[in-house]
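Asks: My file is run25.cif. It has mmCIF, C-alpha atoms:
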```cif
data_input
loop_
_atom_site.label_atom_id
_atom_site.label_comp_id
_atom_site.auth_asym_id
_atom_site.auth_seq_id
_atom_site.Cartn_x
_atom_site.Cartn_y
_atom_site.Cartn_z
CA MET A 28 142.90 -109.24 168.83
CA PRO A 29 142.93 -107.66 165.36
CA GLY A 30 143.62 -103.93 165.50
CA VAL A 31 144.90 -103.98 169.08
CA LEU A 32 148.58 -103.26 169.66
CA CYS A 33 150.14 -105.46 172.33
CA LEU A 34 152.49 -103.35 174.46
CA MET A 35 154.91 -105.79 176.07
CA PRO A 36 157.07 -104.75 179.04
CA MET A 37 160.55 -103.69 177.90
CA VAL A 38 162.56 -104.67 180.95
CA SER A 39 165.95 -104.39 179.22
CA HIS A 40 165.28 -100.84 178.01
CA ALA A 41 164.68 -97.53 179.74
CA ALA A 42 162.96 -94.24 178.94
CA VAL A 43 164.59 -90.94 179.87
CA ILE A 44 162.44 -87.80 179.90
CA LEU A 45 164.28 -84.48 179.63
CA ALA A 46 162.44 -82.02 181.85
CA ALA A 47 165.01 -79.56 183.18
CA GLY A 48 164.20 -76.62 180.88
CA GLN A 49 163.48 -73.21 182.36
CA GLY A 50 160.38 -72.47 180.28
CA THR A 51 160.80 -68.69 180.52
CA ARG A 52 158.58 -68.03 177.48
CA MET A 53 155.57 -69.29 179.43
CA ARG A 54 155.89 -66.17 181.62
CA SER A 55 154.79 -68.07 184.71
CA ASN A 56 156.20 -69.11 188.06
CA THR A 57 154.87 -72.60 187.40
CA PRO A 58 157.48 -74.87 185.77
CA LYS A 59 156.63 -75.26 182.10
CA ILE A 60 156.24 -79.04 182.24
CA LEU A 61 153.68 -78.72 185.05
CA HIS A 62 151.26 -76.62 183.03
CA PRO A 63 148.09 -78.67 182.59
CA ILE A 64 146.63 -79.98 179.35
CA CYS A 65 143.04 -81.14 179.81
CA GLY A 66 143.66 -81.26 183.54
CA ARG A 67 146.92 -83.26 183.41
CA GLU A 68 150.43 -81.88 183.83
CA MET A 69 152.44 -82.09 180.60
CA VAL A 70 155.21 -84.17 182.11
CA GLY A 71 152.63 -86.56 183.57
CA LEU A 72 151.30 -87.23 180.08
CA VAL A 73 154.82 -88.09 178.89
CA VAL A 74 155.41 -90.40 181.87
CA ASP A 75 152.11 -92.12 181.09
CA CYS A 76 153.20 -92.58 177.48
CA ALA A 77 156.45 -94.27 178.49
CA GLY A 78 154.75 -96.54 181.01
CA THR A 79 151.96 -97.57 178.63
CA ALA A 80 154.55 -98.28 175.92
CA GLY A 81 156.04 -100.89 178.21
CA PHE A 82 159.08 -99.15 179.71
CA VAL A 83 159.55 -100.46 183.23
CA GLN A 84 162.28 -97.96 184.11
CA VAL A 85 161.47 -94.28 183.55
CA VAL A 86 163.96 -91.57 184.49
CA VAL A 87 163.09 -87.87 184.54
CA VAL A 88 165.94 -85.36 184.29
CA VAL A 89 165.09 -82.25 186.32
CA GLY A 90 166.81 -79.02 187.32
CA VAL A 91 168.05 -78.19 190.79
CA ASP A 92 164.80 -76.45 191.84
CA ALA A 93 162.51 -79.30 190.89
CA GLN A 94 160.61 -80.07 194.09
CA PRO A 95 157.26 -79.14 192.46
CA VAL A 96 157.93 -81.76 189.76
CA ARG A 97 158.82 -84.37 192.38
CA ASP A 98 155.65 -83.50 194.30
CA VAL A 99 153.58 -84.27 191.20
CA LEU A 100 155.33 -87.40 189.94
CA LYS A 101 156.33 -88.75 193.37
CA ASP A 102 157.87 -92.23 193.19
CA ARG A 103 156.42 -93.14 189.78
CA VAL A 104 159.84 -92.36 188.26
CA GLU A 105 163.50 -92.07 189.11
CA TYR A 106 165.15 -88.64 189.10
CA ALA A 107 168.41 -87.37 187.65
CA VAL A 108 169.51 -83.77 188.23
CA GLN A 109 171.05 -81.41 185.68
CA PRO A 110 172.90 -78.85 187.83
CA GLU A 111 173.16 -76.25 185.04
CA PRO A 112 171.06 -75.78 181.88
CA LEU A 113 173.73 -76.86 179.41
CA GLY A 114 171.63 -78.39 176.68
CA SER A 115 169.83 -81.63 175.91
CA GLY A 116 173.01 -83.66 175.55
CA ASP A 117 174.26 -82.58 178.97
CA ALA A 118 170.84 -83.35 180.46
CA LEU A 119 170.97 -86.88 179.10
CA LEU A 120 174.52 -87.39 180.39
CA ASN A 121 173.26 -86.73 183.90
CA SER A 122 170.96 -89.77 183.67
CA ARG A 123 173.78 -92.15 182.80
CA SER A 124 174.38 -93.59 186.26
CA LEU A 125 170.71 -94.53 186.62
CA VAL A 126 170.50 -96.46 183.35
CA ASP A 127 173.90 -98.14 183.60
CA GLY A 128 173.70 -101.59 182.03
CA VAL A 129 170.67 -100.78 179.87
CA ASP A 130 171.32 -101.61 176.21
CA HIS A 131 168.89 -99.16 174.60
CA ILE A 132 167.11 -96.05 175.81
CA ALA A 133 164.27 -93.94 174.47
CA VAL A 134 164.67 -90.21 175.05
CA LEU A 135 161.55 -88.06 175.29
CA SER A 136 160.93 -84.42 176.12
CA GLY A 137 158.75 -83.20 178.95
CA ASP A 138 157.40 -80.42 176.72
CA VAL A 139 156.37 -82.69 173.81
CA PRO A 140 153.34 -84.13 175.60
CA LEU A 141 151.18 -85.67 172.86
CA VAL A 142 153.36 -88.58 171.70
CA ARG A 143 151.33 -91.79 171.75
CA ALA A 144 152.48 -94.96 173.45
CA GLU A 145 151.85 -96.86 170.20
CA THR A 146 154.19 -94.50 168.35
CA LEU A 147 156.91 -94.87 170.97
CA GLN A 148 156.58 -98.65 170.90
CA MET A 149 156.72 -98.68 167.09
CA MET A 150 159.82 -96.50 167.17
CA MET A 151 161.69 -98.77 169.59
CA GLN A 152 160.72 -101.87 167.64
CA HIS A 153 162.01 -100.31 164.41
CA HIS A 154 165.22 -99.31 166.20
CA LEU A 155 165.83 -102.88 167.34
CA GLN A 156 164.81 -104.55 164.08
CA GLU A 157 167.13 -102.30 162.07
CA ASP A 158 169.95 -102.81 164.61
CA ALA A 159 170.34 -99.02 164.57
CA ASP A 160 172.62 -96.94 166.75
CA VAL A 161 170.25 -93.99 166.72
CA THR A 162 166.62 -93.73 165.63
CA TRP A 163 164.36 -90.77 165.96
CA LEU A 164 160.88 -89.53 165.31
CA THR A 165 160.44 -87.23 162.33
CA SER A 166 157.39 -85.75 160.68
CA THR A 167 156.46 -83.65 157.68
CA GLY A 168 154.36 -80.61 158.38
CA ASP A 169 152.96 -77.59 156.56
CA ASP A 170 154.34 -75.24 159.22
CA PRO A 171 157.84 -76.38 160.24
CA CYS A 172 158.77 -72.99 161.70
CA GLY A 173 160.68 -73.42 164.96
CA PHE A 174 161.64 -77.05 164.36
CA GLY A 175 165.01 -78.46 163.37
CA ARG A 176 165.07 -79.60 159.73
CA VAL A 177 166.10 -83.12 158.71
CA ILE A 178 168.81 -83.14 156.03
CA ARG A 179 169.23 -86.23 153.81
CA ASP A 180 171.81 -87.13 151.18
CA ASP A 181 171.10 -88.20 147.59
CA HIS A 182 170.48 -91.77 148.79
CA GLY A 183 167.90 -90.72 151.36
CA LYS A 184 170.20 -91.23 154.33
CA VAL A 185 169.94 -88.72 157.16
CA THR A 186 173.08 -86.61 157.39
CA GLU A 187 172.27 -83.98 160.02
CA ILE A 188 169.68 -81.84 161.74
CA ILE A 189 169.87 -78.08 161.30
CA GLU A 190 168.11 -76.00 163.92
CA ASP A 191 165.60 -73.42 162.73
CA GLN A 192 167.64 -70.48 163.96
CA ASP A 193 170.68 -71.72 162.01
CA ALA A 194 168.83 -72.52 158.79
CA ASN A 195 169.17 -70.56 155.54
CA ASP A 196 166.22 -70.04 153.22
CA ASP A 197 166.80 -73.30 151.33
CA VAL A 198 166.89 -75.33 154.54
CA LYS A 199 163.80 -73.57 155.88
CA ASN A 200 161.90 -74.81 152.83
CA ILE A 201 162.45 -78.40 154.00
CA ARG A 202 159.29 -79.82 155.52
CA GLU A 203 160.72 -82.85 157.35
CA ILE A 204 161.28 -81.88 160.97
CA ASN A 205 162.87 -83.30 164.10
CA SER A 206 160.63 -84.08 167.07
CA GLY A 207 163.30 -84.38 169.76
CA VAL A 208 162.25 -87.99 170.50
CA TYR A 209 165.02 -90.57 170.06
CA CYS A 210 166.18 -94.14 170.63
CA PHE A 211 169.87 -94.82 171.24
CA ARG A 212 172.13 -97.84 171.58
CA THR A 213 173.85 -96.94 174.83
CA SER A 214 177.21 -98.58 174.03
CA TRP A 215 177.55 -96.05 171.20
CA LEU A 216 175.71 -93.17 172.89
CA TRP A 217 177.78 -92.68 176.02
CA THR A 218 181.15 -92.89 174.29
CA ASN A 219 180.19 -90.42 171.60
CA LEU A 220 178.10 -88.02 173.66
CA ASP A 221 181.21 -87.33 175.72
CA GLU A 222 182.96 -86.29 172.50
CA ILE A 223 180.38 -83.73 171.32
CA SER A 224 181.77 -80.20 171.35
CA PRO A 225 179.66 -77.61 173.17
CA SER A 226 178.11 -74.76 171.21
CA ASP A 227 179.27 -71.15 171.57
CA SER A 228 176.86 -70.85 174.49
CA GLY A 229 178.41 -73.89 176.20
CA GLU A 230 175.45 -76.20 175.53
CA VAL A 231 175.66 -79.80 174.27
CA TYR A 232 172.93 -80.85 171.83
CA LEU A 233 171.64 -84.35 171.08
CA THR A 234 171.07 -83.36 167.45
CA ASP A 235 174.85 -83.30 166.93
CA LEU A 236 174.86 -87.08 167.41
CA VAL A 237 173.01 -87.54 164.11
CA SER A 238 175.73 -85.99 161.96
CA LEU A 239 178.36 -87.83 164.01
CA ALA A 240 176.66 -91.18 163.38
CA TYR A 241 176.45 -90.37 159.65
CA ARG A 242 180.19 -89.59 159.47
CA GLN A 243 180.89 -92.88 161.24
CA GLN A 244 178.72 -94.67 158.61
CA LEU A 245 176.44 -96.14 161.28
CA ILE A 246 172.79 -97.14 160.94
CA ILE A 247 170.46 -94.19 161.52
CA GLY A 248 166.74 -94.94 161.60
CA SER A 249 163.74 -92.66 161.41
CA VAL A 250 160.05 -93.29 162.05
CA ASN A 251 156.98 -91.16 161.41
CA PRO A 252 154.41 -90.78 164.21
CA ILE A 253 150.88 -92.05 163.76
CA SER A 254 149.78 -88.40 163.65
CA SER A 255 151.95 -85.35 162.94
CA GLU A 256 150.20 -83.55 165.81
CA GLU A 257 151.97 -85.86 168.28
CA ILE A 258 155.19 -83.88 168.04
CA ILE A 259 153.74 -80.51 168.98
CA GLY A 260 156.23 -78.82 171.31
CA VAL A 261 155.00 -76.49 174.03
CA ASN A 262 157.13 -73.42 174.71
CA THR A 263 154.48 -70.69 174.81
CA ARG A 264 150.93 -70.29 176.06
CA LEU A 265 149.71 -70.29 172.45
CA GLN A 266 151.32 -73.69 171.85
CA LEU A 267 149.87 -74.91 175.14
CA ALA A 268 146.39 -73.95 173.94
CA ARG A 269 146.99 -75.72 170.62
CA ALA A 270 148.15 -78.90 172.35
CA GLU A 271 145.07 -78.86 174.59
CA ASP A 272 142.81 -78.42 171.56
CA VAL A 273 144.45 -81.43 169.85
CA LEU A 274 144.26 -83.62 172.96
#
```
Step by step, read the file and then write its structure as C-alpha cells.
Replies:
Amino acid sequence: MPGVLCLMPMVSHAAVILAAGQGTRMRSNTPKILHPICGREMVGLVVDCAGTAGFVQVVVVVGVDAQPVRDVLKDRVEYAVQPEPLGSGDALLNSRSLVDGVDHIAVLSGDVPLVRAETLQMMMQHHLQEDADVTWLTSTGDDPCGFGRVIRDDHGKVTEIIEDQDANDDVKNIREINSGVYCFRTSWLWTNLDEISPSDSGEVYLTDLVSLAYRQQLIIGSVNPISSEEIIGVNTRLQLARAEDVL
C-alpha cells in the first residue's frame, strides 16, 4: 500500500540492546532502563522497536544485578551479562557468543527509547545497500550539548566521533551528533573491537570503531532519523520528562 513501510523479518541479522548502565544520575533504586515513559519501561520500548523492525533475534546486555530487567522482559529476548561496567564496546563483546554466525547486527541503547522501527529498518537497509562495515544514526540539533560530535573530512567522509567532554570550543560548535545506534558487519566488528585500546578509566567505547574504520579506508555509512527527537537519551529525570512529552 502506498505510504506503508513493509517491515520484513530479518532472520539473518540480530539486534543487540545495551542495557547494563548504572543510571546513577536518576537518583533512584529503580534501574534507569526500567523507568516508565507513558506507562512503558524504556527498555521495553526499545525491544518493541527492534521486533517491529523485523529483527527475529534480540539480545539485551545487562549487568550482574539485572533480575528486575529479566522480570519485565521475561523470555521476549535473550540475555548477555556484562560482569563489570567497562564501556559500550565491552558490553557488546559480551553478546558475541549469542550472535555467533550472524552477518550483521544493529546495536541500540536501552536509554535511547524513542527510535522508530521505520528508522531502524531504513538504517539497516542503507547499511546493506552500501555494503558498509559500520553505519550509524546521526542527527543535527540546535542543542547538541552532551552528545558526541560527528567529525567529517573535506570530502564529507566521517573520520571520528569526539565525545562532548573531550571537545574543544570549535568541536562543540558542530551540530551533527552521534545517537549511539549502529549497524555493524560482524566479520569486521569482532576482529577490530578486540583491538580497541581501553580509555584511561579502563572502558572500551564503540565510538572508537569509527575512526578505526576511517583509517582502514572502509565504507562508513550514516543515516538521519525520521525525526531528530528519536535520539533523545535519558540519563536524568529531566530528560525522562522530555522523552515522555515527545512520546
Asks: Taking all atoms listed in the file into account, name the residue in A:Ile247, A:Ile44, A:Leu120, A:Ile253 that is nearest to Tyr106 of chain A.
Replies: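 Smallest separation from Tyr106 of chain A among the options: A:Ile44.
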Asks: Starting from the PyMOL selection byres ((chain A and resi 65) around 9), expand the selection into actual residues of this file and give them as JSON, numbers by chain.
Replies: {"A": [63, 64, 66, 67, 68, 271, 272, 274]}
Asks: Evaluate the PyMOL selection byres ((chain A and resi 113) around 12) and record the selected residues as a list in words, following the chain and residue labels used in the document.
Replies: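 What the PyMOL selection byres ((chain A and resi 113) around 12) grabs from the file is Ala47, Gly48, Gln49, Gly90, Val108, Gln109, Pro110, Glu111, Pro112, Gly114, Ser115, Gly116, Asp117, Ala118, Leu119, Leu120, Asn121, Ser224, Pro225, Ser226, Asp227, Ser228, Gly229, Glu230, Val231, Tyr232 and Leu233 of chain A.
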Asks: Take the PyMOL selection byres ((chain A and resi 140-155) around 7), run it mentally on this structure, and tell me the resulting residues as a PyMOL selection string.
Replies: chain A and resi 69-70+72-73+76-77+79-80+137-139+156-159+162+210+248+250+252-253+257-259
Asks: Write out as a PyMOL selection string the residues lying within 8 Å of Asp191 of chain A, counting all atoms listed in the file and excluding same-chain residues fewer than 6 positions away.
Replies: chain A and resi 172-176+199
Asks: Would you mind exporting the chosen residues as a CSV table (one decimal), keeping the file's coordinate frame, restricted to C-alpha atoms?
Replies:
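Saved the output as again-v7.csv:
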```csv
chain,number,residue,atom,x,y,z
A,172,CYS,CA,158.8,-73.0,161.7
A,173,GLY,CA,160.7,-73.4,165.0
A,174,PHE,CA,161.6,-77.0,164.4
A,175,GLY,CA,165.0,-78.5,163.4
A,176,ARG,CA,165.1,-79.6,159.7
A,199,LYS,CA,163.8,-73.6,155.9
```
Asks: Do you have the atom CA of Ser55 of chain A-atom CA of Ser166 of chain A distance handy?
Replies: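 Between these atoms lies a distance of 29.9 Å.
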Asks: Find the distance between atom CA of Pro58 of chain A and atom CA of Ala93 of chain A and write it in Å to one decimal.
Replies: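 Distance between the two atoms: 8.4 Å.
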Asks: Could you check which of A:Asn200, A:Thr167, A:Ser206, A:Asn56 is closest to Leu135 of chain A, using all atoms listed in the file?
Replies: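 Closest to Leu135 of chain A of all the choices is A:Ser206.
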Asks: Which value, in Å to one decimal, gives the distance between atom CA of Val99 of chain A and atom CA of Gln266 of chain A?
Replies: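 Going from atom CA of Val99 of chain A over to atom CA of Gln266 of chain A covers 22.2 Å.
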Asks: Point out the residue among A:Met53, A:Ala46, A:Ala41, A:Val129 with the least atom-to-atom distance to Val83 of chain A, counting only C-alpha atoms.
Replies: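 Selected residue with least distance to Val83 of chain A: A:Ala41.
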Asks: Which residue out of A:Gln243, A:Gln84, A:Ser238, A:Ser136 has the minimum interatomic distance to Tyr209 of chain A when only C-alpha atoms are used?
Replies: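 Smallest separation from Tyr209 of chain A among the options: A:Ser136.
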Asks: Using all atoms listed in the file, which of the listed residues (A:Val86, A:Val198, A:Val161, A:Ile178) sits closest to Arg123 of chain A?
Replies: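 When distances to Arg123 of chain A are compared using all atoms listed in the file, the smallest one comes from A:Val86.
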